[in-house]
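Novice: Got a structure for you, model.cif, holding mmCIF, C-alpha atoms.
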data_start
loop_
_atom_site.label_atom_id
_atom_site.label_comp_id
_atom_site.auth_asym_id
_atom_site.auth_seq_id
_atom_site.Cartn_x
_atom_site.Cartn_y
_atom_site.Cartn_z
CA MET A 1 131.36 111.16 102.33
CA THR A 2 130.56 107.60 101.37
CA ASN A 3 127.07 107.84 102.80
CA ASN A 4 126.53 111.13 100.96
CA ARG A 5 127.66 109.61 97.67
CA LEU A 6 125.46 106.57 98.20
CA SER A 7 122.53 108.81 99.08
CA PHE A 8 123.05 110.88 95.93
CA ARG A 9 123.40 107.75 93.80
CA SER A 10 120.21 106.21 95.18
CA ARG A 11 118.47 109.53 94.70
CA TRP A 12 119.63 109.82 91.08
CA GLN A 13 118.69 106.22 90.27
CA TYR A 14 115.35 106.55 92.02
CA ARG A 15 112.48 106.00 89.59
CA VAL A 16 109.31 107.72 90.71
CA ASP A 17 106.35 105.39 90.37
CA TYR A 18 104.06 107.80 88.54
CA HIS A 19 101.01 105.59 89.05
CA TRP A 20 101.76 105.15 92.74
CA VAL A 21 101.81 108.93 93.27
CA VAL A 22 98.49 109.29 91.46
CA ASP A 23 96.95 106.41 93.44
CA PHE A 24 98.30 107.90 96.68
CA LEU A 25 96.60 111.24 95.96
CA GLU A 26 93.40 109.47 95.00
CA TYR A 27 93.51 107.38 98.19
CA HIS A 28 93.64 110.59 100.24
CA SER A 29 90.78 112.13 98.19
CA VAL A 30 92.82 115.09 96.90
CA LEU A 31 93.28 114.02 93.28
CA GLY A 32 90.38 116.17 92.09
CA ARG A 33 91.76 119.26 93.83
CA ILE A 34 95.21 118.66 92.38
CA LYS A 35 93.69 118.43 88.90
CA VAL A 36 91.99 121.79 89.41
CA VAL A 37 95.25 123.42 90.49
CA ILE A 38 97.26 121.93 87.61
CA GLY A 39 94.59 122.96 85.11
CA ALA A 40 94.69 126.49 86.53
CA GLY A 41 98.35 126.65 85.45
CA GLY A 42 97.21 126.30 81.83
CA LEU A 43 94.65 129.05 82.34
CA MET A 44 97.39 131.35 83.63
CA MET A 45 99.48 130.51 80.57
CA LEU A 46 96.55 131.51 78.36
CA VAL A 47 96.04 134.81 80.20
CA ASN A 48 99.76 135.62 80.06
CA ALA A 49 99.85 134.95 76.32
CA MET A 50 96.89 137.26 75.71
CA LEU A 51 98.50 140.02 77.78
CA MET A 52 101.73 139.70 75.79
CA ALA A 53 99.70 140.01 72.59
CA VAL A 54 98.19 143.39 73.57
CA SER A 55 101.08 144.92 75.55
CA PRO A 56 103.38 147.40 73.73
CA ALA A 57 106.31 145.60 75.38
CA GLY A 58 105.01 142.22 74.25
CA VAL A 59 105.32 140.46 70.92
CA HIS A 60 105.22 142.06 67.46
CA GLY A 61 105.10 140.78 63.93
CA ARG A 62 103.48 137.71 62.42
CA ALA A 63 105.90 135.22 63.97
CA GLY A 64 105.48 136.67 67.47
CA THR A 65 101.72 136.85 67.17
CA ALA A 66 101.52 133.29 65.84
CA VAL A 67 103.62 131.90 68.69
CA THR A 68 101.63 133.86 71.25
CA MET A 69 98.37 132.50 69.86
CA LEU A 70 99.88 129.02 69.94
CA SER A 71 100.85 129.58 73.57
CA ALA A 72 97.30 130.63 74.37
CA VAL A 73 95.85 127.56 72.62
CA VAL A 74 98.27 125.21 74.42
CA GLY A 75 97.49 126.80 77.78
CA GLY A 76 93.74 126.63 77.21
CA SER A 77 93.98 123.03 75.98
CA TRP A 78 96.02 122.12 79.04
CA ALA A 79 93.34 123.57 81.33
CA VAL A 80 90.49 121.81 79.53
CA ARG A 81 92.39 118.53 79.45
CA TRP A 82 92.97 118.52 83.21
CA TRP A 83 89.52 119.72 84.17
CA ALA A 84 87.45 117.56 81.81
CA LEU A 85 89.40 114.32 81.30
CA PRO A 86 90.87 111.61 83.57
CA TRP A 87 94.43 111.85 84.83
CA PRO A 88 96.84 111.36 81.90
CA ARG A 89 99.17 108.43 81.45
CA GLU A 90 102.84 108.98 82.16
CA SER A 91 103.79 109.21 78.47
CA GLU A 92 101.09 111.81 77.78
CA SER A 93 102.18 113.75 80.84
CA LEU A 94 105.75 113.97 79.53
CA VAL A 95 104.57 115.08 76.07
CA TRP A 96 102.52 117.89 77.60
CA ILE A 97 105.47 119.08 79.67
CA ALA A 98 107.79 119.09 76.64
CA VAL A 99 105.31 121.03 74.49
CA ILE A 100 104.62 123.65 77.15
CA ASP A 101 108.32 124.15 77.93
CA VAL A 102 109.21 124.68 74.25
CA VAL A 103 106.27 127.00 73.55
CA THR A 104 106.94 129.04 76.71
CA THR A 105 110.61 129.48 75.82
CA VAL A 106 109.97 130.50 72.20
CA ASP A 107 107.23 132.91 73.24
CA SER A 108 109.54 134.53 75.83
CA MET A 109 112.31 134.89 73.23
CA LEU A 110 110.00 136.86 70.92
CA VAL A 111 108.91 139.41 73.53
CA GLN A 112 110.23 142.86 72.67
CA ASP A 113 111.21 143.75 76.22
CA ARG A 114 113.85 141.16 77.16
CA VAL A 115 113.34 141.70 80.90
CA LEU A 116 109.66 140.93 80.41
CA GLY A 117 110.73 137.86 78.44
CA ALA A 118 112.89 136.78 81.37
CA LEU A 119 109.82 136.96 83.59
CA GLY A 120 108.03 134.77 81.07
CA ILE A 121 110.73 132.12 81.47
CA LEU A 122 109.66 131.88 85.11
CA MET A 123 106.50 130.19 83.83
CA LEU A 124 108.73 127.13 83.50
CA VAL A 125 108.64 126.92 87.29
CA ALA A 126 105.06 125.66 87.05
CA THR A 127 105.94 122.73 84.80
CA GLY A 128 109.14 122.15 86.77
CA THR A 129 107.19 121.82 90.01
CA TYR A 130 104.86 119.32 88.36
CA VAL A 131 107.87 117.31 87.15
CA ALA A 132 109.50 117.48 90.60
CA VAL A 133 106.47 115.80 92.19
CA PHE A 134 105.36 113.30 89.55
CA HIS A 135 108.50 112.36 87.62
CA SER A 136 112.03 111.13 88.27
CA PRO A 137 115.18 113.16 89.08
CA ARG A 138 116.47 112.49 85.57
CA ILE A 139 113.36 114.00 83.99
CA LEU A 140 113.70 116.97 86.35
CA ALA A 141 117.36 117.33 85.30
CA LEU A 142 116.26 117.54 81.65
CA SER A 143 113.62 120.11 82.56
CA LEU A 144 116.13 122.18 84.54
CA GLY A 145 118.66 121.88 81.70
CA TRP A 146 116.14 123.26 79.22
CA SER A 147 115.24 126.10 81.60
CA LEU A 148 118.91 126.98 82.12
CA LEU A 149 119.58 126.94 78.38
CA SER A 150 116.57 129.20 77.80
CA ILE A 151 117.79 131.67 80.43
CA LEU A 152 121.33 131.78 79.05
CA VAL A 153 120.18 132.31 75.45
CA LEU A 154 117.71 135.00 76.50
CA SER A 155 120.39 136.82 78.52
CA ALA A 156 122.85 136.56 75.62
CA THR A 157 120.35 138.10 73.20
CA MET A 158 119.71 140.84 75.75
CA VAL A 159 123.40 141.75 76.09
CA LEU A 160 124.58 141.12 72.53
CA GLY A 161 121.47 142.10 70.58
CA THR A 162 119.88 145.44 69.85
CA GLY A 163 117.84 147.71 72.09
CA ARG A 164 118.35 149.53 75.35
CA TRP A 165 119.77 146.44 77.11
CA ARG A 166 122.60 146.00 74.65
CA GLY A 167 125.97 145.75 76.41
CA ASP A 168 124.45 145.64 79.89
CA ILE A 169 126.34 142.57 81.10
CA ALA A 170 125.40 143.18 84.73
CA LEU A 171 121.71 143.03 83.88
CA GLY A 172 122.22 139.85 81.86
CA ILE A 173 123.97 138.19 84.79
CA ALA A 174 121.26 139.43 87.18
CA VAL A 175 118.58 137.85 85.01
CA VAL A 176 120.45 134.52 85.03
CA VAL A 177 120.97 134.63 88.80
CA ALA A 178 117.35 135.55 89.51
CA ASN A 179 116.02 132.73 87.38
CA LEU A 180 118.50 130.23 88.79
CA ALA A 181 117.48 131.17 92.33
CA VAL A 182 113.93 130.11 91.55
CA ILE A 183 114.35 127.32 89.00
CA GLY A 184 117.72 125.87 90.01
CA VAL A 185 117.25 125.95 93.79
CA VAL A 186 113.55 125.75 94.55
CA LEU A 187 112.64 122.88 92.20
CA PRO A 188 115.41 120.45 93.27
CA THR A 189 114.53 121.24 96.89
CA VAL A 190 110.87 120.48 96.22
CA GLN A 191 111.72 117.12 94.66
CA LEU A 192 114.23 116.22 97.38
CA SER A 193 111.64 116.96 100.06
CA HIS A 194 109.04 114.95 98.17
CA TRP A 195 111.50 112.06 97.81
CA LEU A 196 112.36 112.04 101.52
CA LEU A 197 108.70 112.16 102.54
CA ARG A 198 107.89 109.31 100.16
CA MET A 199 110.80 107.23 101.41
CA ASP A 200 109.58 107.80 104.96
CA ALA A 201 106.02 106.83 103.98
CA LEU A 202 107.26 103.60 102.37
CA SER A 203 109.52 102.46 105.21
CA ASP A 204 109.03 101.03 108.69
CA PRO A 205 110.41 103.47 111.29
CA LEU A 206 111.54 100.75 113.73
CA THR A 207 113.47 98.45 111.38
CA ARG A 208 114.09 100.84 108.45
CA LEU A 209 112.86 98.12 106.11
CA LEU A 210 110.12 98.70 103.57
CA ASN A 211 106.60 98.60 104.95
CA ARG A 212 103.70 96.91 103.16
CA ARG A 213 103.00 100.02 101.10
CA GLY A 214 106.68 100.19 100.16
CA LEU A 215 106.70 96.55 99.12
CA ASP A 216 103.66 97.11 96.92
CA SER A 217 105.26 100.19 95.40
CA HIS A 218 108.57 98.49 94.55
CA TRP A 219 107.00 95.28 93.25
CA SER A 220 106.69 96.61 89.68
CA GLU A 221 110.42 97.39 89.60
CA ARG A 222 111.18 93.66 89.77
CA ALA A 223 109.83 93.21 86.21
CA GLY A 224 111.87 93.03 83.04
CA TRP A 225 115.14 91.65 84.43
CA ALA A 226 116.59 89.68 81.55
CA GLY A 227 117.57 86.10 82.33
CA ARG A 228 115.66 85.96 85.62
CA PRO A 229 112.18 84.68 84.78
CA THR A 230 111.50 82.94 88.09
CA GLY A 231 111.06 84.80 91.34
CA TYR A 232 110.12 84.04 94.91
CA ALA A 233 108.24 85.74 97.70
CA ILE A 234 109.02 84.60 101.23
CA ALA A 235 106.75 85.36 104.19
CA LEU A 236 108.21 85.06 107.69
CA ASP A 237 106.38 85.24 111.01
CA LEU A 238 108.22 85.10 114.33
CA ASP A 239 106.98 82.18 116.43
CA ARG A 240 105.19 82.90 119.73
CA PHE A 241 106.23 86.54 119.63
CA LYS A 242 103.41 87.60 121.96
CA THR A 243 104.98 85.43 124.64
CA VAL A 244 108.30 87.19 124.07
CA ASN A 245 106.65 90.58 124.61
CA ASP A 246 104.71 89.40 127.64
CA THR A 247 107.78 87.82 129.26
CA PHE A 248 110.53 90.34 128.50
CA GLY A 249 108.57 93.51 127.70
CA HIS A 250 107.93 95.48 124.53
CA PRO A 251 111.35 97.24 124.47
CA PHE A 252 112.97 93.81 124.22
CA GLY A 253 110.42 92.87 121.55
CA ASP A 254 111.43 95.95 119.55
CA GLU A 255 115.08 94.93 119.85
CA VAL A 256 114.22 91.46 118.53
CA LEU A 257 112.45 93.01 115.53
CA GLN A 258 115.43 95.23 114.81
CA ARG A 259 117.86 92.34 115.07
CA THR A 260 115.62 90.23 112.87
CA ALA A 261 115.70 92.96 110.23
CA ASP A 262 119.50 93.05 110.41
CA ARG A 263 119.73 89.27 110.05
CA LEU A 264 117.43 89.32 107.03
CA ARG A 265 119.52 92.04 105.39
CA SER A 266 122.68 90.01 105.83
CA ALA A 267 121.16 86.69 104.72
CA ALA A 268 118.99 87.84 101.80
CA ASP A 269 120.18 88.42 98.24
CA SER A 270 121.72 91.85 97.74
CA ASP A 271 118.96 93.00 95.36
CA ALA A 272 116.02 91.43 97.20
CA LEU A 273 113.17 93.51 98.57
CA ILE A 274 112.86 93.15 102.34
CA ALA A 275 109.82 94.46 104.18
CA ARG A 276 108.19 94.38 107.56
CA THR A 277 104.57 93.75 106.60
CA GLY A 278 103.04 93.50 110.07
CA GLY A 279 103.84 93.42 113.77
CA GLU A 280 106.23 90.44 113.68
CA GLU A 281 105.73 89.59 110.02
CA PHE A 282 108.34 90.09 107.31
CA ALA A 283 108.56 89.47 103.57
CA VAL A 284 111.47 88.97 101.17
CA VAL A 285 111.02 89.15 97.39
CA GLY A 286 113.78 88.27 94.93
CA TRP A 287 114.80 86.37 91.83
CA VAL A 288 115.96 82.74 91.67
CA ARG A 289 119.60 82.48 90.64
CA ASP A 290 121.80 79.41 90.98
CA VAL A 291 120.41 78.73 94.47
CA PRO A 292 116.86 77.32 94.78
CA ALA A 293 114.29 79.40 96.62
CA ALA A 294 114.02 76.65 99.25
CA VAL A 295 117.68 77.16 100.11
CA VAL A 296 117.19 80.92 100.36
CA ALA A 297 114.20 80.44 102.65
CA GLU A 298 116.15 77.99 104.82
CA ARG A 299 119.03 80.44 105.02
CA LEU A 300 116.68 83.15 106.26
CA ARG A 301 115.11 80.78 108.81
CA ALA A 302 118.53 79.77 110.11
CA ALA A 303 119.70 83.39 110.29
CA ILE A 304 116.83 84.20 112.65
CA ALA A 305 117.18 81.01 114.72
CA THR A 306 120.90 81.69 115.32
CA MET A 307 120.67 85.32 116.46
CA PRO A 308 123.36 85.78 119.10
CA GLY A 309 123.19 87.72 122.34
CA LEU A 310 119.56 87.00 123.24
CA PRO A 311 118.35 85.26 126.40
CA ILE A 312 116.02 83.07 124.33
CA THR A 313 116.06 81.50 120.88
CA ILE A 314 113.88 83.31 118.35
CA THR A 315 112.48 81.20 115.53
CA ALA A 316 110.26 81.90 112.55
CA SER A 317 107.70 80.10 110.42
CA VAL A 318 108.66 80.61 106.77
CA GLY A 319 106.56 80.25 103.63
CA ALA A 320 108.05 80.65 100.15
CA ALA A 321 106.02 81.05 96.93
CA LEU A 322 107.63 80.62 93.52
CA PHE A 323 106.25 82.55 90.54
CA THR A 324 107.17 82.91 86.88
CA ALA A 325 107.26 86.09 84.82
CA SER A 326 105.65 86.15 81.39
CA ARG A 327 107.68 86.29 78.20
CA THR A 328 107.31 90.07 78.18
CA GLY A 329 108.69 90.28 81.72
CA GLU A 330 105.30 91.00 83.30
CA LEU A 331 104.92 89.70 86.84
CA PRO A 332 101.77 88.15 88.30
CA PRO A 333 99.73 90.36 90.65
CA HIS A 334 101.71 90.64 93.83
CA GLN A 335 98.60 90.06 95.94
CA HIS A 336 98.40 86.51 94.57
CA VAL A 337 102.04 85.72 95.23
CA LEU A 338 102.10 87.21 98.73
CA ARG A 339 98.86 85.42 99.59
CA ALA A 340 100.40 82.12 98.48
CA ALA A 341 103.49 82.81 100.59
CA ASP A 342 101.26 83.65 103.57
CA ALA A 343 99.31 80.40 103.11
CA ALA A 344 102.56 78.43 103.10
CA MET A 345 103.78 80.33 106.15
CA TYR A 346 100.60 79.54 108.10
CA ARG A 347 101.03 75.88 107.21
CA ALA A 348 104.59 76.05 108.57
CA LYS A 349 103.19 77.57 111.75
CA ARG A 350 100.62 74.78 112.09
CA LEU A 351 103.48 72.29 111.78
CA GLY A 352 105.02 73.73 114.93
CA GLY A 353 107.03 76.68 113.67
CA ASN A 354 110.75 77.03 112.90
CA THR A 355 109.83 75.43 109.57
CA VAL A 356 110.06 76.26 105.87
CA VAL A 357 107.21 75.44 103.49
CA VAL A 358 107.70 76.01 99.76
CA THR A 359 104.84 76.39 97.30
CA GLU A 360 104.45 77.28 93.65
CA VAL A 361 101.95 79.74 92.20
CA SER A 362 100.30 78.05 89.25
CA ARG A 363 99.60 79.79 85.95
CA SER A 364 95.87 79.61 86.57
CA ALA A 365 96.26 81.17 90.01
CA GLN A 366 98.39 83.99 88.59
CA ALA A 367 95.62 84.92 86.18
CA ALA A 368 92.75 84.44 88.61
CA ALA A 369 90.90 87.15 90.46
CA PRO A 370 91.97 87.85 94.06
CA ASP A 371 90.70 85.28 96.54
CA PRO A 372 90.23 86.56 100.10
CA ASP A 373 90.72 83.12 101.69
CA PRO A 374 94.42 82.08 101.84
CA SER A 375 93.60 78.44 102.45
CA ARG A 376 91.33 78.28 99.40
CA PHE A 377 94.03 79.99 97.33
CA ALA A 378 96.61 77.45 98.45
CA GLN A 379 94.30 74.58 97.57
CA ALA A 380 93.14 75.97 94.22
CA GLY A 381 96.22 77.57 92.74
CA ALA A 382 99.30 77.06 94.84
CA GLU A 383 99.46 73.55 96.21
CA VAL A 384 102.38 73.04 98.56
CA SER A 385 105.06 71.26 96.59
CA ARG A 386 107.56 70.57 99.34
CA LEU A 387 108.42 71.60 102.86
CA THR A 388 111.57 71.47 104.88
CA ARG A 389 112.24 71.25 108.58
CA PRO A 390 115.34 72.43 110.45
CA ARG A 391 118.44 70.49 109.47
CA HIS A 392 118.32 68.15 112.45
CA GLU A 393 114.84 67.01 111.42
CA GLN A 394 113.82 64.85 108.51
CA HIS A 395 112.67 66.51 105.27
CA ARG A 396 109.04 65.83 104.49
CA ARG A 397 106.86 66.23 101.44
CA SER A 398 103.26 67.35 101.41
#
Kindly transcribe the structure held in the file into structure tokens.

Specialist:
Amino acid sequence: MTNNRLSFRSRWQYRVDYHWVVDFLEYHSVLGRIKVVIGAGGLMMLVNAMLMAVSPAGVHGRAGTAVTMLSAVVGGSWAVRWWALPWPRESESLVWIAVIDVVTTVDSMLVQDRVLGALGILMLVATGTYVAVFHSPRILALSLGWSLLSILVLSATMVLGTGRWRGDIALGIAVVVANLAVIGVVLPTVQLSHWLLRMDALSDPLTRLLNRRGLDSHWSERAGWAGRPTGYAIALDLDRFKTVNDTFGHPFGDEVLQRTADRLRSAADSDALIARTGGEEFAVVGWVRDVPAAVVAERLRAAIATMPGLPITITASVGAALFTASRTGELPPHQHVLRAADAAMYRAKRLGGNTVVVTEVSRSAQAAAPDPDPSRFAQAGAEVSRLTRPRHEQHRRS
């Protein structure tokens, strides 16, 4: 039960990175096709509105006609917007969804045949599916809440109002159940499946840590934490790991990687991001509290060097890069910070391994364009400020 509650809590608190989803679709060259499909939903909304305007069971009167025409305009505008313009920003996306949901509900309420109106409410499935993929569980909950309210009000007007459906409680309940089966079951399932697939795509299957894509995706979530303007990124690389694989075999190497992940989880800050970024390479990103980043890096190094139950001692070269958020909470590009941490880590490796090197990302380096050469980056924008050796060795300064 505890795991289920934790899973539900993490699911509810999960904030879909709207831009990451869009970039992911673009990376796989399907963004254009998705735009065509989404725009087609607006075209269907336009066609449905026109049919309701001419059908005897559709809308009547000035108010009904006006709303139907509005529905047609919104649907046509939606189609043109998606087919002719770039992908919308997240705020615009939410505005479109809210407008379409409200117009669809009002239009369905004004249809003369209430059963036909109930079918119109099913158009909310289209916007709900879009929300399930591109927006957070909380936004989906609002969308589902609006859909449920629309269904209940429509069923109440069917049973309590005038016309041939008056007093038919069974039909009113059937309409609610039918809509709930589609809106209340299918859409949450779609988002849950999408969430699980995304979590799997962002994690390393061997260690269950984040992978490099996951680290990139979660980097933006580190911004805006009040009172924590200084952060650190720590790069770790296991020393002479190829020799470990060659001597003891790859199954043992996999066990070492899994144990390393466990040691990092136990030694890192509770809210730090931990990722396996390569074969035997790891990264830890967090915020500086009352303990300096050098101490955190040393703690991680020691945690790996003291892994029990292994026939050999596993050590790691550790590089830590300090960075500072802007006054608005904006973080420097993560490529710069991780490159600085990598440069410090490679220096630790050149010093013999089992070593911590700490560096600081300068303001100029944070604003600079990406530099493909880690050594040049370290020299230009992130000069090593201090380095530490294991406790039995003397501390040195660069």

Novice: Calculated over all atoms listed in the file, which of the candidates A:Ile38, A:Ile304, A:Val30, A:Leu196 has the smallest distance to Val131 of chain A?

Specialist: A:Ile38

Novice: I would like the residues chosen by the PyMOL selection byres ((chain A and resi 311-318) around 8) on the shown file; could you give them as a CSV table (one decimal) with C-alpha atoms, keeping the file's coordinate frame?

Specialist:
chain,number,residue,atom,x,y,z
A,234,ILE,CA,109.0,84.6,101.2
A,235,ALA,CA,106.8,85.4,104.2
A,236,LEU,CA,108.2,85.1,107.7
A,237,ASP,CA,106.4,85.2,111.0
A,238,LEU,CA,108.2,85.1,114.3
A,239,ASP,CA,107.0,82.2,116.4
A,297,ALA,CA,114.2,80.4,102.6
A,301,ARG,CA,115.1,80.8,108.8
A,304,ILE,CA,116.8,84.2,112.6
A,305,ALA,CA,117.2,81.0,114.7
A,306,THR,CA,120.9,81.7,115.3
A,307,MET,CA,120.7,85.3,116.5
A,309,GLY,CA,123.2,87.7,122.3
A,310,LEU,CA,119.6,87.0,123.2
A,319,GLY,CA,106.6,80.2,103.6
A,320,ALA,CA,108.0,80.6,100.2
A,344,ALA,CA,102.6,78.4,103.1
A,345,MET,CA,103.8,80.3,106.2
A,346,TYR,CA,100.6,79.5,108.1
A,348,ALA,CA,104.6,76.0,108.6
A,349,LYS,CA,103.2,77.6,111.8
A,353,GLY,CA,107.0,76.7,113.7
A,354,ASN,CA,110.8,77.0,112.9
A,355,THR,CA,109.8,75.4,109.6
A,356,VAL,CA,110.1,76.3,105.9
A,357,VAL,CA,107.2,75.4,103.5

Novice: Quick one, how far is atom CA of Glu92 of chain A from atom CA of Met45 of chain A?

Specialist: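 Between atom CA of Glu92 of chain A and atom CA of Met45 of chain A the gap works out to 19.0 Å.
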
Novice: Enumerate, as an MDAnalysis selection string, the residues matched when the PyMOL selection byres ((chain A and resi 124) around 10) is run on the file above.

Specialist: chainID A and resid 97 100:102 104:105 119:123 125:130 143:144 146:147 150 179 183

Novice: Report the residues retrieved by the PyMOL selection byres ((chain A and resi 263-274) around 6) from the displayed file, expressed as a list of chain:residue names.

Specialist: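 In the shown coordinates, the PyMOL selection byres ((chain A and resi 263-274) around 6) covers A:Thr260, A:Ala261, A:Asp262, A:Ala275, A:Ala283, A:Val284, A:Val285, A:Gly286, A:Leu300, A:Ala303.
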
Novice: Give me, please, the distance in Å between atom CA of Val175 of chain A and atom CA of Met158 of chain A, quoted to one decimal.

Specialist: 9.8 Å

Novice: With a distance cut-off of 7 Å and all atoms listed in the file, select the neighbouring residues of Ala72 of chain A, excluding the residue or stretch itself and same-chain residues fewer than 2 positions from it, and output the selection as a list in words.

Specialist: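 Answer for this query is Met45, Leu46, Ala49, Met50, Thr68, Met69, Leu70, Val74, Gly75 and Gly76 of chain A.
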
Novice: Can you work out the spacing between atom CA of Ala321 of chain A and atom CA of Leu338 of chain A in Å, to one decimal?

Specialist: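 Computed distance, atom CA of Ala321 of chain A to atom CA of Leu338 of chain A, equals 7.5 Å.
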
Novice: For segment 197-205 of chain A, work out the shell of residues within 9 Å, counting only C-alpha atoms and skipping chain neighbours fewer than 6 positions away, then give it as a PDB file with C-alpha atoms, in the coordinates of the input.

Specialist:
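Result file is out.pdb:
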ATOM      1  CA  ASN A 211     106.600  98.600 104.950  1.00  0.00           C
ATOM      2  CA  ARG A 212     103.700  96.910 103.160  1.00  0.00           C
ATOM      3  CA  ARG A 213     103.000 100.020 101.100  1.00  0.00           C
ATOM      4  CA  GLY A 214     106.680 100.190 100.160  1.00  0.00           C
ATOM      5  CA  LEU A 215     106.700  96.550  99.120  1.00  0.00           C
ATOM      6  CA  SER A 217     105.260 100.190  95.400  1.00  0.00           C
ATOM      7  CA  ALA A 275     109.820  94.460 104.180  1.00  0.00           C
ATOM      8  CA  ARG A 276     108.190  94.380 107.560  1.00  0.00           C
ATOM      9  CA  THR A 277     104.570  93.750 106.600  1.00  0.00           C
TER      10      THR A 277
END

Novice: For segment 164-170 of chain A, please output as a PyMOL selection string all residues within 12 Å (counting all atoms listed in the file; exclusion window: fewer than 6 positions along the same chain).

Specialist: chain A and resi 112-116+154-158+176-177

Novice: Point out the residue among A:Gly39, A:Gly278, A:Pro308, A:Gly32 with the least atom-to-atom distance to Trp82 of chain A, counting only C-alpha atoms.

Specialist: A:Gly39

Novice: When you look at Ser91 of chain A with a cut-off of 12 Å (counting all atoms listed in the file), what residues show up, excluding the ones that are within fewer than 3 positions of it in the same chain? I need them as a PyMOL selection string.

Specialist: chain A and resi 18-19+87-88+94-98+134-135

Novice: Between A:Ile173, A:Ala233, A:Asp107, A:Ala302, single out the one closest to Ala63 of chain A, counting all atoms listed in the file.

Specialist: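 Going through A:Ile173, A:Ala233, A:Asp107, A:Ala302 one by one, the smallest distance to Ala63 of chain A is for A:Asp107.
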
Novice: Check the smallest atom-to-atom distance from each of A:Val80, A:Trp20, A:Leu257, A:Asp342 to His218 of chain A using all atoms listed in the file, then report the winner.

Specialist: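 Counting all atoms listed in the file, the residue closest to His218 of chain A is A:Trp20.
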
Novice: Could you write out as AutoDock Vina command-line options the box around segment 233-249 of chain A (axis-aligned, all atoms listed in the file, 5 Å on each side), with centre and edge lengths in Å to one decimal?

Specialist:
--center_x 107.0 --center_y 87.8 --center_z 113.5 --size_x 17.1 --size_y 21.3 --size_z 41.6
